[in-house]
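Containing compact mmCIF, C-alpha atoms: entry_3.txt.
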```txt
# COMPACT_ATOMS: atom_id res chain seq x y z
CA MET E 4 -73.33 -5.31 63.53
CA SER E 5 -71.53 -2.08 62.67
CA GLY E 6 -69.74 -1.59 59.37
CA LYS E 7 -66.60 -0.20 60.98
CA PRO E 8 -63.31 -1.93 60.15
CA VAL E 9 -61.94 -4.28 62.78
CA LEU E 10 -58.19 -4.38 63.53
CA PHE E 11 -56.60 -7.64 64.67
CA ASP E 12 -53.26 -7.49 66.47
CA LEU E 13 -51.12 -10.44 65.29
CA GLU E 14 -47.83 -9.43 66.89
CA ASP E 15 -48.20 -11.96 69.68
CA GLU E 16 -49.12 -14.78 67.35
CA ALA E 17 -46.49 -17.34 66.40
CA GLN E 18 -44.89 -17.01 63.00
CA ALA E 19 -46.73 -18.94 60.32
CA PRO E 20 -44.88 -22.07 59.20
CA ARG E 21 -43.17 -22.04 55.84
CA VAL E 22 -44.26 -24.38 53.12
CA SER E 23 -40.68 -25.51 52.49
CA ASP E 24 -40.43 -26.77 56.10
CA ALA E 25 -43.42 -29.07 55.74
CA PRO E 26 -42.65 -32.80 55.68
CA PRO E 27 -42.87 -34.51 52.29
CA VAL E 28 -46.04 -36.26 51.33
CA PRO E 29 -45.58 -40.00 51.79
CA ASP E 30 -45.59 -42.07 48.61
CA LEU E 31 -48.19 -44.73 49.37
CA ALA E 32 -47.57 -46.53 46.10
CA ALA E 33 -43.88 -46.95 46.71
CA GLY E 34 -44.30 -49.81 49.11
CA GLY E 35 -46.65 -51.83 46.96
CA GLY E 36 -45.44 -50.96 43.47
CA GLN E 37 -42.97 -52.91 41.40
CA PRO E 38 -39.33 -51.80 41.64
CA LEU E 39 -37.70 -50.51 38.51
CA ALA E 40 -35.97 -52.87 36.11
CA MET E 41 -32.45 -51.84 37.07
CA GLU E 42 -33.25 -52.27 40.75
CA GLN E 43 -34.73 -55.71 40.09
CA ALA E 44 -31.69 -56.72 38.06
CA ALA E 45 -29.39 -55.56 40.85
CA ARG E 46 -31.32 -57.54 43.42
CA ILE E 47 -31.25 -60.68 41.26
CA ALA E 48 -27.51 -60.44 40.58
CA ALA E 49 -26.58 -59.42 44.12
CA ARG E 50 -28.68 -62.06 45.82
CA ARG E 51 -26.38 -64.48 47.62
CA PRO E 52 -27.61 -68.08 47.79
CA SER E 53 -27.80 -69.76 51.16
CA ARG E 54 -25.22 -72.31 52.24
CA LEU E 55 -27.79 -75.08 51.97
CA ALA E 56 -28.60 -74.08 48.39
CA ARG E 57 -24.91 -73.95 47.46
CA TRP E 58 -24.31 -77.45 48.84
CA PHE E 59 -27.42 -78.71 47.05
CA TRP E 60 -26.32 -77.42 43.65
CA LEU E 61 -22.75 -78.60 44.25
CA LEU E 62 -23.86 -82.14 45.09
CA LEU E 63 -26.35 -82.15 42.21
CA ALA E 64 -23.65 -81.08 39.75
CA ALA E 65 -21.25 -83.73 41.11
CA LEU E 66 -23.92 -86.43 40.86
CA PHE E 67 -24.88 -85.57 37.30
CA GLY E 68 -21.22 -85.26 36.35
CA ALA E 69 -20.48 -88.73 37.69
CA MET E 70 -23.54 -90.18 35.93
CA ALA E 71 -22.62 -88.53 32.64
CA SER E 72 -19.01 -89.72 32.90
CA VAL E 73 -20.01 -93.34 33.58
CA ALA E 74 -22.62 -93.27 30.81
CA ALA E 75 -20.11 -91.82 28.33
CA TRP E 76 -17.50 -94.44 29.31
CA ASP E 77 -19.96 -97.31 28.93
CA PHE E 78 -21.19 -95.92 25.62
CA ALA E 79 -17.67 -95.54 24.19
CA ALA E 80 -16.49 -98.95 25.47
CA GLY E 81 -19.55 -100.74 24.10
CA LEU E 82 -19.25 -98.96 20.77
CA ILE E 83 -15.57 -99.93 20.48
CA LEU E 84 -16.53 -103.61 20.92
CA ARG E 85 -19.28 -103.46 18.29
CA PHE E 86 -17.88 -100.89 15.81
CA PRO E 87 -14.18 -100.29 16.56
CA VAL E 88 -13.63 -97.45 14.07
CA LEU E 89 -16.72 -95.50 15.13
CA GLY E 90 -16.04 -96.21 18.80
CA TRP E 91 -12.47 -94.92 18.68
CA THR E 92 -13.59 -91.86 16.71
CA ILE E 93 -16.18 -90.96 19.34
CA SER E 94 -13.66 -91.67 22.10
CA ILE E 95 -11.18 -89.26 20.53
CA GLY E 96 -13.94 -86.66 20.23
CA MET E 97 -14.77 -87.05 23.92
CA ALA E 98 -11.09 -86.71 24.82
CA VAL E 99 -10.86 -83.50 22.78
CA LEU E 100 -14.01 -82.21 24.52
CA VAL E 101 -12.50 -82.91 27.93
CA LEU E 102 -9.28 -81.17 26.87
CA MET E 103 -11.19 -78.10 25.70
CA ALA E 104 -13.16 -78.00 28.96
CA SER E 105 -9.87 -78.18 30.88
CA LEU E 106 -8.43 -75.31 28.85
CA MET E 107 -11.55 -73.24 29.50
CA GLY E 108 -11.20 -73.98 33.19
CA LEU E 109 -7.56 -72.87 33.14
CA ARG E 110 -8.59 -69.68 31.36
CA GLU E 111 -11.18 -68.98 34.05
CA LEU E 112 -8.55 -69.54 36.73
CA ALA E 113 -6.21 -67.15 34.92
CA ALA E 114 -9.02 -64.56 34.73
CA LEU E 115 -9.69 -64.89 38.45
CA SER E 116 -5.96 -64.58 39.13
CA ARG E 117 -5.79 -61.38 37.07
CA LEU E 118 -8.75 -59.91 38.94
CA ARG E 119 -6.95 -60.69 42.19
CA ARG E 120 -3.90 -58.85 40.85
CA VAL E 121 -6.08 -55.81 40.21
CA ASP E 122 -7.45 -56.03 43.77
CA ALA E 123 -3.91 -56.32 45.12
CA LEU E 124 -2.80 -53.28 43.13
CA ARG E 125 -5.73 -51.23 44.40
CA GLN E 126 -4.98 -52.27 47.98
CA GLN E 127 -1.30 -51.42 47.55
CA ALA E 128 -2.19 -47.98 46.20
CA SER E 129 -4.39 -47.36 49.24
CA ASP E 130 -1.54 -48.29 51.60
CA THR E 131 1.07 -46.12 49.86
CA GLU E 132 2.41 -43.55 52.33
CA ASP E 133 5.85 -42.44 51.14
CA LEU E 134 7.82 -41.97 47.94
CA ALA E 135 9.49 -45.40 48.06
CA ALA E 136 6.12 -47.16 48.35
CA ALA E 137 4.72 -45.03 45.53
CA GLN E 138 7.68 -45.90 43.32
CA ALA E 139 7.25 -49.61 44.06
CA TYR E 140 3.56 -49.38 43.20
CA THR E 141 4.31 -47.48 40.00
CA ALA E 142 6.81 -50.13 38.88
CA ARG E 143 4.28 -52.87 39.59
CA LEU E 144 1.51 -51.04 37.70
CA VAL E 145 3.78 -50.39 34.70
CA ALA E 146 4.67 -54.08 34.64
CA PHE E 147 0.95 -54.90 34.73
CA TYR E 148 0.34 -52.76 31.62
CA LYS E 149 3.62 -53.44 29.80
CA ARG E 150 1.89 -55.46 27.03
CA ARG E 151 -0.77 -52.84 26.33
CA GLU E 152 0.08 -51.35 22.95
CA ASP E 153 -2.36 -48.48 23.42
CA LEU E 154 -0.42 -47.34 26.51
CA ILE E 155 3.13 -47.42 25.08
CA TRP E 156 3.25 -43.66 24.60
CA ASN E 157 1.74 -43.07 28.04
CA GLN E 158 4.29 -45.34 29.70
CA ALA E 159 7.14 -43.57 27.94
CA ARG E 160 5.85 -40.18 29.05
CA LEU E 161 5.44 -41.45 32.61
CA ALA E 162 9.03 -42.71 32.60
CA GLU E 163 10.25 -39.28 31.45
CA ARG E 164 8.35 -37.34 34.12
CA GLN E 165 8.72 -39.79 36.98
CA ALA E 166 12.24 -38.64 37.90
CA GLU E 167 10.98 -35.07 38.39
CA VAL E 168 8.54 -36.05 41.16
CA MET E 169 9.87 -36.17 44.73
CA ASP E 170 6.61 -36.83 46.58
CA GLY E 171 4.57 -40.02 46.89
CA ASP E 172 1.15 -38.43 46.45
CA ALA E 173 2.36 -36.40 43.49
CA LEU E 174 3.75 -39.56 41.88
CA LEU E 175 0.41 -41.36 42.24
CA LEU E 176 -1.35 -38.34 40.75
CA LEU E 177 1.08 -38.42 37.83
CA VAL E 178 0.34 -42.12 37.31
CA GLU E 179 -3.36 -41.32 37.18
CA ASP E 180 -2.77 -38.53 34.67
CA GLU E 181 -0.59 -40.54 32.33
CA LEU E 182 -1.73 -44.16 32.61
CA LEU E 183 -5.25 -44.31 34.00
CA ALA E 184 -6.91 -41.17 32.63
CA PRO E 185 -7.12 -42.58 29.05
CA LEU E 186 -8.58 -45.80 30.44
CA ASP E 187 -11.10 -43.82 32.48
CA ALA E 188 -12.32 -42.09 29.32
CA LEU E 189 -12.81 -45.41 27.54
CA ALA E 190 -14.64 -46.89 30.52
CA LEU E 191 -16.96 -43.88 30.73
CA ARG E 192 -17.91 -44.35 27.07
CA GLU E 193 -18.94 -47.93 27.81
CA VAL E 194 -20.97 -46.78 30.82
CA GLU E 195 -22.76 -44.10 28.82
CA ALA E 196 -23.52 -46.50 25.96
CA ALA E 197 -25.03 -49.05 28.37
CA ALA E 198 -27.12 -46.35 30.07
CA ARG E 199 -28.50 -45.19 26.71
CA GLN E 200 -29.34 -48.74 25.70
CA VAL E 201 -31.20 -49.50 28.92
CA ALA E 202 -33.09 -46.20 28.78
CA THR E 203 -34.11 -46.72 25.15
CA VAL E 204 -35.30 -50.31 25.58
CA THR E 205 -37.25 -49.49 28.74
CA ALA E 206 -38.96 -46.55 27.06
CA LEU E 207 -39.87 -48.34 23.81
CA VAL E 208 -40.52 -51.96 24.81
CA PRO E 209 -43.72 -52.31 26.92
CA MET E 210 -42.66 -55.55 28.64
CA ALA E 211 -41.48 -55.70 32.24
CA LEU E 212 -39.49 -58.90 31.68
CA ALA E 213 -37.70 -57.34 28.71
CA ASP E 214 -36.73 -54.39 30.93
CA VAL E 215 -35.19 -56.62 33.57
CA LEU E 216 -33.38 -58.83 31.05
CA THR E 217 -32.03 -55.82 29.16
CA ALA E 218 -30.83 -54.18 32.36
CA LEU E 219 -29.18 -57.38 33.57
CA VAL E 220 -27.52 -58.28 30.25
CA SER E 221 -26.37 -54.71 29.66
CA SER E 222 -24.90 -54.53 33.15
CA LEU E 223 -23.06 -57.82 32.70
CA ARG E 224 -21.63 -56.72 29.36
CA MET E 225 -20.78 -53.24 30.66
CA ILE E 226 -18.98 -54.53 33.76
CA ARG E 227 -17.07 -57.06 31.68
CA ARG E 228 -15.95 -54.41 29.18
CA VAL E 229 -14.98 -51.99 31.96
CA ALA E 230 -12.91 -54.73 33.60
CA ALA E 231 -11.25 -55.54 30.26
CA ILE E 232 -10.38 -51.86 29.74
CA TYR E 233 -8.58 -51.75 33.08
CA GLY E 234 -6.80 -55.04 32.35
CA GLY E 235 -9.03 -57.50 34.20
CA ARG E 236 -9.89 -59.71 31.19
CA PRO E 237 -12.65 -61.60 33.03
CA GLY E 238 -14.05 -64.90 31.79
CA TYR E 239 -17.65 -66.05 32.01
CA PHE E 240 -17.70 -67.15 35.65
CA SER E 241 -15.34 -64.43 36.80
CA SER E 242 -17.55 -61.85 35.05
CA TRP E 243 -20.54 -63.05 37.03
CA ARG E 244 -18.52 -62.93 40.24
CA LEU E 245 -17.36 -59.41 39.45
CA THR E 246 -20.92 -58.33 38.63
CA ARG E 247 -22.18 -59.69 41.92
CA THR E 248 -19.43 -57.81 43.74
CA VAL E 249 -20.41 -54.51 42.10
CA LEU E 250 -24.17 -54.89 42.48
CA ALA E 251 -23.93 -56.29 46.00
CA HIS E 252 -22.04 -53.17 47.02
CA LEU E 253 -24.69 -50.94 45.48
CA ALA E 254 -27.53 -52.94 47.00
CA ALA E 255 -25.88 -52.84 50.42
CA THR E 256 -25.46 -49.06 50.32
CA GLY E 257 -28.93 -48.46 48.87
CA ALA E 258 -27.52 -46.48 45.96
CA VAL E 259 -29.19 -48.60 43.31
CA ALA E 260 -32.65 -47.78 44.67
CA ALA E 261 -32.25 -44.03 44.14
CA GLY E 262 -31.88 -43.06 40.51
CA ASP E 263 -34.54 -40.43 40.03
CA ASP E 264 -32.56 -37.95 42.13
CA LEU E 265 -30.01 -37.79 39.30
CA LEU E 266 -32.53 -36.76 36.65
CA GLU E 267 -33.73 -33.40 37.96
CA PRO E 268 -30.38 -31.61 37.45
CA VAL E 269 -30.15 -33.27 34.02
CA LEU E 270 -33.64 -32.68 32.65
CA GLY E 271 -35.25 -30.28 35.07
CA GLY E 272 -38.24 -30.89 37.33
CA SER E 273 -40.80 -29.46 34.92
CA VAL E 274 -39.74 -31.74 32.09
CA LEU E 275 -39.58 -34.78 34.36
CA SER E 276 -43.11 -34.18 35.57
CA LYS E 277 -44.42 -34.13 31.98
CA LEU E 278 -42.78 -37.37 30.92
CA SER E 279 -44.85 -40.44 30.24
CA ARG E 280 -44.53 -43.37 32.60
CA ARG E 281 -42.45 -45.44 30.15
CA PHE E 282 -40.04 -42.61 29.35
CA GLY E 283 -39.72 -41.79 33.03
CA GLU E 284 -38.85 -45.38 33.91
CA GLY E 285 -36.44 -45.53 30.98
CA LEU E 286 -34.54 -42.48 32.14
CA VAL E 287 -34.42 -43.68 35.73
CA ASN E 288 -33.16 -47.11 34.64
CA GLY E 289 -30.55 -45.42 32.46
CA ALA E 290 -29.42 -43.32 35.42
CA LEU E 291 -29.16 -46.43 37.58
CA SER E 292 -27.15 -48.18 34.86
CA ALA E 293 -24.74 -45.26 34.82
CA ARG E 294 -24.44 -45.48 38.59
CA VAL E 295 -23.67 -49.20 38.35
CA GLY E 296 -21.06 -48.42 35.69
CA ILE E 297 -19.32 -45.86 37.92
CA ALA E 298 -19.25 -48.44 40.70
CA ALA E 299 -17.77 -50.97 38.27
CA MET E 300 -15.02 -48.49 37.41
CA GLU E 301 -14.22 -48.10 41.09
CA VAL E 302 -14.08 -51.88 41.58
CA CYS E 303 -12.10 -52.70 38.42
CA ARG E 304 -9.64 -49.79 38.54
CA PRO E 305 -6.19 -50.75 39.90
CA MET E 306 -6.03 -47.48 41.84
CA PRO E 307 -8.70 -45.70 43.87
CA PHE E 308 -9.95 -42.48 42.32
CA SER E 309 -8.39 -39.30 43.60
CA PRO E 310 -10.70 -36.30 44.08
CA GLN E 311 -9.28 -34.77 40.88
CA HIS E 312 -10.14 -37.81 38.75
CA LYS E 313 -13.26 -39.21 40.41
CA PRO E 314 -16.02 -39.33 37.78
CA SER E 315 -19.25 -37.50 38.46
CA THR E 316 -22.30 -39.74 38.26
CA ARG E 317 -24.56 -36.79 37.46
CA ARG E 318 -22.29 -35.69 34.63
CA ALA E 319 -22.15 -39.22 33.23
CA VAL E 320 -25.96 -39.44 33.36
CA GLN E 321 -26.23 -36.09 31.64
CA ARG E 322 -23.93 -37.12 28.80
CA ALA E 323 -25.59 -40.52 28.45
CA LEU E 324 -29.23 -39.41 28.47
CA THR E 325 -29.06 -36.07 26.71
CA GLY E 326 -29.39 -37.82 23.36
CA VAL E 327 -32.34 -39.89 24.58
CA PHE E 328 -34.45 -37.02 25.77
CA ALA E 329 -33.61 -33.40 25.10
CA LYS E 330 -34.04 -30.63 27.61
CA GLU E 331 -37.10 -28.47 27.54
CA LYS E 332 -36.65 -25.27 25.59
CA LYS E 333 -37.27 -22.13 27.61
```

Could you quickly redo this structure as structure tokens?
Amino acid sequence: MSGKPVLFDLEDEAQAPRVSDAPPVPDLAAGGGQPLAMEQAARIAARRPSRLARWFWLLLAALFGAMASVAAWDFAAGLILRFPVLGWTISIGMAVLVLMASLMGLRELAALSRLRRVDALRQQASDTEDLAAAQAYTARLVAFYKRREDLIWNQARLAERQAEVMDGDALLLLVEDELLAPLDALALREVEAAARQVATVTALVPMALADVLTALVSSLRMIRRVAAIYGGRPGYFSSWRLTRTVLAHLAATGAVAAGDDLLEPVLGGSVLSKLSRRFGEGLVNGALSARVGIAAMEVCRPMPFSPQHKPSTRRAVQRALTGVFAKEKK
């Protein structure tokens, strides 16, 4: 074999493939691993019971209600015969309890009615096409917020500037600027606080059940507070219904299962790769909580977000989680 150099002609060879064009490596652990706490909480809250299960629980509640009513009546009637004073006292207490339960039921109905008003306002804003429709919607929205003391100045400013607007879209944009922008800021604070809480508990508490409970309770409280900021004032049962609406939408779109994609622009890939497992899960759960909060704002807001006012989920995650884990210093 001679020691002369050998020349290979590669001009006819195909161009070597680029590394960036290679398909991603499949994550074999993703299918068998446990979903994150926020994803589990979303699945639990968004799970819709079957019709058979709903009828079962309805009949069971009716049966136990009838049994409890008959037992309470027999107990009070027998006690009145044996000890009249004590029997009438307990009977009055039961009557007061029934009255309080009725008032709570009326309050829940009022809360559901107010949530329907918010839905109707949002639908009316979506169907607004001309100036007359925009003015009618504005009058209805102002009437909806007329008892809000924190919006008195905003309503006065809107009334001053409303006559200057001669276009329907411009009027809706003015309503967003004057009435809804302050409420958006308050709602974003609640979303960021809930995201920080979920991230902190997940990172510091080494219990999977505690993660799920914290994510679920924080989401319920966050959605309820966001609804109250926008004027929903939900009760206990209406809060659960509203939470299911928000999380069912996220579960249906698959958005709740993708939270780690929000962290790289916030923390950077190098920092994310060096995080411990607990801190990584905490940050992802916090990002998912922020995403749920943004969805709650969209559901509870009496007007759909315009492109100028639509909140950025990445920016909300950045503000919420910057205090939990600082960026890597370069």

- [ ] State, in Å with one decimal place, the distance from atom CA of E:Ala190 to atom CA of E:Tyr148.
- [x] 16.1 Å

- [ ] Determine, counting all atoms listed in the file, which protein, DNA and RNA residues have an atom within 12 Å of an atom of E:Thr141; residues of the same chain fewer than 6 positions away are not included. Present the result as a ChimeraX atom specification.
- [x] /E:124-125,127-128,131,134-135,147-149,158,161-162,165,171-179,181-183,305-306

Open item on the list: Taking 4 positions as the minimum chain separation for residues in the same chain, which residues sit within 12 Å of E:Ala98 when counting all atoms listed in the file? Answer as number ranges by chain.
Closed with: E: 72, 75-76, 79, 91-94, 102-105

Task: d(atom CA of E:Pro310, atom CA of E:Ala298) in Å - done: 15.2 Å

Open item on the list: If we count all atoms listed in the file and set the cut-off at 8 Å, which residues sit around E:Leu245, ignoring sequence neighbours fewer than 4 positions away in its own chain? Please answer as a list of chain:residue names.
Closed with: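 Once the nearby chain positions are removed, what remains is E:Ile226, E:Ser241, E:Val249.
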
Residues at most 8 Å from stretch 201-206 of chain E, counting only C-alpha atoms, excluding those fewer than 3 positions away in the same chain, as a compact mmCIF listing (two decimals) with C-alpha atoms, keeping the file's coordinate frame?
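Resulting contents of selection-v2.txt:
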```txt
# COMPACT_ATOMS: atom_id res chain seq x y z
CA ALA E 197 -25.03 -49.05 28.37
CA ALA E 198 -27.12 -46.35 30.07
CA PRO E 209 -43.72 -52.31 26.92
CA ALA E 213 -37.70 -57.34 28.71
CA ASP E 214 -36.73 -54.39 30.93
CA THR E 217 -32.03 -55.82 29.16
CA ALA E 218 -30.83 -54.18 32.36
CA SER E 221 -26.37 -54.71 29.66
CA ARG E 281 -42.45 -45.44 30.15
CA PHE E 282 -40.04 -42.61 29.35
CA GLY E 283 -39.72 -41.79 33.03
CA GLU E 284 -38.85 -45.38 33.91
CA GLY E 285 -36.44 -45.53 30.98
CA LEU E 286 -34.54 -42.48 32.14
CA VAL E 287 -34.42 -43.68 35.73
CA ASN E 288 -33.16 -47.11 34.64
CA GLY E 289 -30.55 -45.42 32.46
CA SER E 292 -27.15 -48.18 34.86
CA LEU E 324 -29.23 -39.41 28.47
CA VAL E 327 -32.34 -39.89 24.58
```

Task: Pick from E:Ala159, E:Ile83, E:Val229, E:Cys303 nearest to E:Arg192, counting only C-alpha atoms - done: E:Val229

- [ ] Can you work out the spacing between atom CA of E:Arg151 and atom CA of E:Ala319 in Å, to one decimal?
- [x]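 So the two atoms, atom CA of E:Arg151 and atom CA of E:Ala319, lie 26.3 Å apart.
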
TODO: Would you please work out which residue, of E:Asp170, E:Asp180, E:Asp77, E:Glu193, is nearest to E:Ala299 when using only C-alpha atoms?
DONE: E:Glu193

Task: Which residue of E:Gly234, E:Leu189, E:Asn157, E:Ala293 approaches E:Ser116 most closely, using all atoms listed in the file - done: E:Gly234

Open item on the list: Residues within 12 Å of (-13.9, -57.6, 31.1), file coordinates, counting all atoms listed in the file: what are they? Give the list as a PyMOL selection string.
Closed with: chain E and resi 114-115+117-118+190+193+222-246+299-300+302-304

What would the file look like if the residues just selected were written as a PDB file, in the frame of the given file with C-alpha atoms?
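Heads up, here's the output in again_38.pdb:
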```pdb
ATOM      1  CA  ALA E 114      -9.020 -64.560  34.730  1.00  0.00           C
ATOM      2  CA  LEU E 115      -9.690 -64.890  38.450  1.00  0.00           C
ATOM      3  CA  ARG E 117      -5.790 -61.380  37.070  1.00  0.00           C
ATOM      4  CA  LEU E 118      -8.750 -59.910  38.940  1.00  0.00           C
ATOM      5  CA  ALA E 190     -14.640 -46.890  30.520  1.00  0.00           C
ATOM      6  CA  GLU E 193     -18.940 -47.930  27.810  1.00  0.00           C
ATOM      7  CA  SER E 222     -24.900 -54.530  33.150  1.00  0.00           C
ATOM      8  CA  LEU E 223     -23.060 -57.820  32.700  1.00  0.00           C
ATOM      9  CA  ARG E 224     -21.630 -56.720  29.360  1.00  0.00           C
ATOM     10  CA  MET E 225     -20.780 -53.240  30.660  1.00  0.00           C
ATOM     11  CA  ILE E 226     -18.980 -54.530  33.760  1.00  0.00           C
ATOM     12  CA  ARG E 227     -17.070 -57.060  31.680  1.00  0.00           C
ATOM     13  CA  ARG E 228     -15.950 -54.410  29.180  1.00  0.00           C
ATOM     14  CA  VAL E 229     -14.980 -51.990  31.960  1.00  0.00           C
ATOM     15  CA  ALA E 230     -12.910 -54.730  33.600  1.00  0.00           C
ATOM     16  CA  ALA E 231     -11.250 -55.540  30.260  1.00  0.00           C
ATOM     17  CA  ILE E 232     -10.380 -51.860  29.740  1.00  0.00           C
ATOM     18  CA  TYR E 233      -8.580 -51.750  33.080  1.00  0.00           C
ATOM     19  CA  GLY E 234      -6.800 -55.040  32.350  1.00  0.00           C
ATOM     20  CA  GLY E 235      -9.030 -57.500  34.200  1.00  0.00           C
ATOM     21  CA  ARG E 236      -9.890 -59.710  31.190  1.00  0.00           C
ATOM     22  CA  PRO E 237     -12.650 -61.600  33.030  1.00  0.00           C
ATOM     23  CA  GLY E 238     -14.050 -64.900  31.790  1.00  0.00           C
ATOM     24  CA  TYR E 239     -17.650 -66.050  32.010  1.00  0.00           C
ATOM     25  CA  PHE E 240     -17.700 -67.150  35.650  1.00  0.00           C
ATOM     26  CA  SER E 241     -15.340 -64.430  36.800  1.00  0.00           C
ATOM     27  CA  SER E 242     -17.550 -61.850  35.050  1.00  0.00           C
ATOM     28  CA  TRP E 243     -20.540 -63.050  37.030  1.00  0.00           C
ATOM     29  CA  ARG E 244     -18.520 -62.930  40.240  1.00  0.00           C
ATOM     30  CA  LEU E 245     -17.360 -59.410  39.450  1.00  0.00           C
ATOM     31  CA  THR E 246     -20.920 -58.330  38.630  1.00  0.00           C
ATOM     32  CA  ALA E 299     -17.770 -50.970  38.270  1.00  0.00           C
ATOM     33  CA  MET E 300     -15.020 -48.490  37.410  1.00  0.00           C
ATOM     34  CA  VAL E 302     -14.080 -51.880  41.580  1.00  0.00           C
ATOM     35  CA  CYS E 303     -12.100 -52.700  38.420  1.00  0.00           C
ATOM     36  CA  ARG E 304      -9.640 -49.790  38.540  1.00  0.00           C
TER      37      ARG E 304
END
```
